[in-house]
Amino acid sequence: MSENDEPTHDELPDRLSVDPNSPYYNADILARDVGIRFKGVEKTNVEEYCVSEGWVRVTAGNAKDRYGNPLTIKVHGPVEPYFRDKPKS
C-alpha cells in the first residue's frame, strides 16, 4: 500500500470490517466510532460494509457458525458510513 492509498482523518474507506482476521479491518478507523446508515436507518449490528457495491453484512441474531463467529447476512442497498465523533482540531 502506498502513501497515497492511506485515508485522511475524515475519510472512511470504501470497505471496512470489524473482524480482525479480515483484510478490510482497520483498528485506527474503528477506534473513532464509525456509524452506518443503511437505507436511511441507523444500524448497530453491521459487521462489514462496502459503499461502492452497496451492501452490508449484519449479524443474524445470536446464531454462531461452527467457529464461534456470528452468522451474517449480506443485505443490498444504499450505505452511508460516518464518524459519530467529531474530528480533533
# chains A, B, ... in the order shown; residues from 1 in each chain; ligands from 1
>>> select_by_dssp(residues="chain A", states="helix (DSSP H, G or I)", output="JSON, numbers by chain")
{"A": [3, 4, 5, 27, 28, 29, 30]}
>>> write_last_selection(atoms="N, CA, C and O atoms", output="mmCIF file, in the first residue's frame")
data_model
loop_
_atom_site.group_PDB
_atom_site.id
_atom_site.type_symbol
_atom_site.label_atom_id
_atom_site.label_comp_id
_atom_site.auth_asym_id
_atom_site.auth_seq_id
_atom_site.Cartn_x
_atom_site.Cartn_y
_atom_site.Cartn_z
ATOM 1 N N GLU A 3 1.681 5.512 0.060
ATOM 2 C CA GLU A 3 1.254 6.607 0.934
ATOM 3 C C GLU A 3 -0.040 7.244 0.449
ATOM 4 O O GLU A 3 -0.830 7.725 1.246
ATOM 5 N N ASN A 4 -0.273 7.255 -0.849
ATOM 6 C CA ASN A 4 -1.474 7.877 -1.400
ATOM 7 C C ASN A 4 -2.726 7.059 -1.138
ATOM 8 O O ASN A 4 -3.827 7.571 -1.248
ATOM 9 N N ASP A 5 -2.578 5.779 -0.795
ATOM 10 C CA ASP A 5 -3.737 4.925 -0.529
ATOM 11 C C ASP A 5 -4.278 5.109 0.889
ATOM 12 O O ASP A 5 -5.367 4.658 1.189
ATOM 13 N N ALA A 27 -8.065 -0.996 12.657
ATOM 14 C CA ALA A 27 -8.283 -0.666 14.058
ATOM 15 C C ALA A 27 -8.285 0.835 14.309
ATOM 16 O O ALA A 27 -9.047 1.331 15.139
ATOM 17 N N ASP A 28 -7.439 1.586 13.592
ATOM 18 C CA ASP A 28 -7.358 3.035 13.799
ATOM 19 C C ASP A 28 -8.678 3.719 13.448
ATOM 20 O O ASP A 28 -9.142 4.606 14.153
ATOM 21 N N ILE A 29 -9.282 3.311 12.343
ATOM 22 C CA ILE A 29 -10.556 3.908 11.940
ATOM 23 C C ILE A 29 -11.680 3.460 12.868
ATOM 24 O O ILE A 29 -12.513 4.265 13.285
ATOM 25 N N LEU A 30 -11.705 2.180 13.233
ATOM 26 C CA LEU A 30 -12.765 1.674 14.117
ATOM 27 C C LEU A 30 -12.705 2.309 15.511
ATOM 28 O O LEU A 30 -13.726 2.420 16.177
#
>>> residues_around(residues="Pro70 (chain A)", least_positions_apart="4", cutoff="10 Å", atoms="only C-alpha atoms", output="list of chain:residue names")
A:Glu47, A:Val58, A:Thr59, A:Ala60, A:Gly61, A:Asn62, A:Ala63, A:Lys64, A:Asp65, A:Arg66
>>> select_by_dssp(residues="chain A", states="strand (DSSP E or B)", output="ChimeraX atom specification")
/A:15-17,25,34-38,41-43,46-50,55-64,70-76,79-83
>>> closest_residue(among="A:Val79, A:Ile36, A:Glu48, A:Trp55", to="Ser22 (chain A)", atoms="only C-alpha atoms")
A:Glu48
>>> decode(residues="region 67-80 of chain A", atoms="all heavy atoms", output="mmCIF file, in the first residue's frame")
data_model
loop_
_atom_site.group_PDB
_atom_site.id
_atom_site.type_symbol
_atom_site.label_atom_id
_atom_site.label_comp_id
_atom_site.auth_asym_id
_atom_site.auth_seq_id
_atom_site.Cartn_x
_atom_site.Cartn_y
_atom_site.Cartn_z
ATOM 1 N N TYR A 67 -17.248 -22.009 13.996
ATOM 2 C CA TYR A 67 -16.029 -21.485 14.606
ATOM 3 C C TYR A 67 -16.326 -20.502 15.736
ATOM 4 O O TYR A 67 -15.420 -19.905 16.291
ATOM 5 C CB TYR A 67 -15.170 -20.800 13.539
ATOM 6 C CG TYR A 67 -14.841 -21.714 12.386
ATOM 7 C CD1 TYR A 67 -15.430 -21.537 11.155
ATOM 8 C CD2 TYR A 67 -13.951 -22.773 12.555
ATOM 9 C CE1 TYR A 67 -15.145 -22.391 10.100
ATOM 10 C CE2 TYR A 67 -13.660 -23.627 11.506
ATOM 11 C CZ TYR A 67 -14.263 -23.442 10.284
ATOM 12 O OH TYR A 67 -13.978 -24.289 9.243
ATOM 13 N N GLY A 68 -17.592 -20.290 16.040
ATOM 14 C CA GLY A 68 -17.976 -19.386 17.120
ATOM 15 C C GLY A 68 -18.147 -17.944 16.694
ATOM 16 O O GLY A 68 -18.392 -17.076 17.520
ATOM 17 N N ASN A 69 -18.031 -17.668 15.392
ATOM 18 C CA ASN A 69 -18.222 -16.311 14.881
ATOM 19 C C ASN A 69 -19.707 -16.064 14.629
ATOM 20 O O ASN A 69 -20.450 -17.000 14.318
ATOM 21 C CB ASN A 69 -17.454 -16.128 13.565
ATOM 22 C CG ASN A 69 -15.981 -16.383 13.732
ATOM 23 O OD1 ASN A 69 -15.386 -15.977 14.723
ATOM 24 N ND2 ASN A 69 -15.382 -17.071 12.777
ATOM 25 N N PRO A 70 -20.149 -14.822 14.740
ATOM 26 C CA PRO A 70 -21.564 -14.548 14.473
ATOM 27 C C PRO A 70 -21.916 -14.826 13.019
ATOM 28 O O PRO A 70 -21.135 -14.522 12.118
ATOM 29 C CB PRO A 70 -21.732 -13.065 14.797
ATOM 30 C CG PRO A 70 -20.379 -12.524 15.009
ATOM 31 C CD PRO A 70 -19.411 -13.645 15.129
ATOM 32 N N LEU A 71 -23.083 -15.420 12.801
ATOM 33 C CA LEU A 71 -23.571 -15.634 11.442
ATOM 34 C C LEU A 71 -24.004 -14.298 10.870
ATOM 35 O O LEU A 71 -24.619 -13.492 11.568
ATOM 36 C CB LEU A 71 -24.768 -16.582 11.456
ATOM 37 C CG LEU A 71 -24.473 -18.040 11.194
ATOM 38 C CD1 LEU A 71 -25.720 -18.872 11.392
ATOM 39 C CD2 LEU A 71 -23.912 -18.265 9.833
ATOM 40 N N THR A 72 -23.683 -14.049 9.612
ATOM 41 C CA THR A 72 -24.032 -12.773 8.999
ATOM 42 C C THR A 72 -24.847 -12.990 7.728
ATOM 43 O O THR A 72 -24.772 -14.047 7.094
ATOM 44 C CB THR A 72 -22.768 -11.960 8.639
ATOM 45 O OG1 THR A 72 -21.975 -12.706 7.730
ATOM 46 C CG2 THR A 72 -21.974 -11.607 9.881
ATOM 47 N N ILE A 73 -25.601 -11.963 7.379
ATOM 48 C CA ILE A 73 -26.406 -11.951 6.165
ATOM 49 C C ILE A 73 -26.006 -10.718 5.371
ATOM 50 O O ILE A 73 -25.905 -9.626 5.929
ATOM 51 C CB ILE A 73 -27.914 -11.885 6.505
ATOM 52 C CG1 ILE A 73 -28.323 -13.085 7.330
ATOM 53 C CG2 ILE A 73 -28.749 -11.772 5.245
ATOM 54 C CD1 ILE A 73 -29.727 -12.974 7.891
ATOM 55 N N LYS A 74 -25.790 -10.889 4.064
ATOM 56 C CA LYS A 74 -25.451 -9.752 3.192
ATOM 57 C C LYS A 74 -26.761 -9.146 2.684
ATOM 58 O O LYS A 74 -27.583 -9.835 2.095
ATOM 59 C CB LYS A 74 -24.592 -10.196 2.020
ATOM 60 C CG LYS A 74 -24.111 -9.031 1.165
ATOM 61 C CD LYS A 74 -23.435 -9.496 -0.101
ATOM 62 C CE LYS A 74 -21.961 -9.686 0.122
ATOM 63 N NZ LYS A 74 -21.253 -9.947 -1.161
ATOM 64 N N VAL A 75 -26.941 -7.848 2.925
ATOM 65 C CA VAL A 75 -28.146 -7.137 2.514
ATOM 66 C C VAL A 75 -27.728 -5.996 1.592
ATOM 67 O O VAL A 75 -26.783 -5.262 1.901
ATOM 68 C CB VAL A 75 -28.894 -6.581 3.750
ATOM 69 C CG1 VAL A 75 -30.220 -5.991 3.344
ATOM 70 C CG2 VAL A 75 -29.094 -7.665 4.796
ATOM 71 N N HIS A 76 -28.428 -5.850 0.473
ATOM 72 C CA HIS A 76 -28.074 -4.832 -0.523
ATOM 73 C C HIS A 76 -28.938 -3.585 -0.383
ATOM 74 O O HIS A 76 -30.131 -3.679 -0.097
ATOM 75 C CB HIS A 76 -28.240 -5.403 -1.936
ATOM 76 C CG HIS A 76 -27.274 -6.508 -2.224
ATOM 77 N ND1 HIS A 76 -26.024 -6.275 -2.738
ATOM 78 C CD2 HIS A 76 -27.356 -7.844 -2.034
ATOM 79 C CE1 HIS A 76 -25.390 -7.423 -2.861
ATOM 80 N NE2 HIS A 76 -26.177 -8.395 -2.446
ATOM 81 N N GLY A 77 -28.307 -2.426 -0.575
ATOM 82 C CA GLY A 77 -28.993 -1.142 -0.511
ATOM 83 C C GLY A 77 -27.980 -0.030 -0.323
ATOM 84 O O GLY A 77 -26.776 -0.279 -0.226
ATOM 85 N N PRO A 78 -28.455 1.222 -0.266
ATOM 86 C CA PRO A 78 -27.522 2.348 -0.091
ATOM 87 C C PRO A 78 -26.879 2.355 1.300
ATOM 88 O O PRO A 78 -27.565 2.190 2.302
ATOM 89 C CB PRO A 78 -28.403 3.582 -0.306
ATOM 90 C CG PRO A 78 -29.801 3.113 -0.164
ATOM 91 C CD PRO A 78 -29.832 1.648 -0.449
ATOM 92 N N VAL A 79 -25.564 2.535 1.331
ATOM 93 C CA VAL A 79 -24.780 2.509 2.570
ATOM 94 C C VAL A 79 -24.156 3.874 2.779
ATOM 95 O O VAL A 79 -23.534 4.419 1.865
ATOM 96 C CB VAL A 79 -23.671 1.440 2.488
ATOM 97 C CG1 VAL A 79 -22.868 1.411 3.776
ATOM 98 C CG2 VAL A 79 -24.244 0.085 2.172
ATOM 99 N N GLU A 80 -24.306 4.430 3.991
ATOM 100 C CA GLU A 80 -23.710 5.724 4.331
ATOM 101 C C GLU A 80 -22.907 5.591 5.629
ATOM 102 O O GLU A 80 -23.469 5.687 6.710
ATOM 103 C CB GLU A 80 -24.799 6.773 4.540
ATOM 104 C CG GLU A 80 -25.695 7.008 3.348
ATOM 105 C CD GLU A 80 -26.861 7.900 3.710
ATOM 106 O OE1 GLU A 80 -26.631 8.943 4.360
ATOM 107 O OE2 GLU A 80 -27.986 7.529 3.376
#
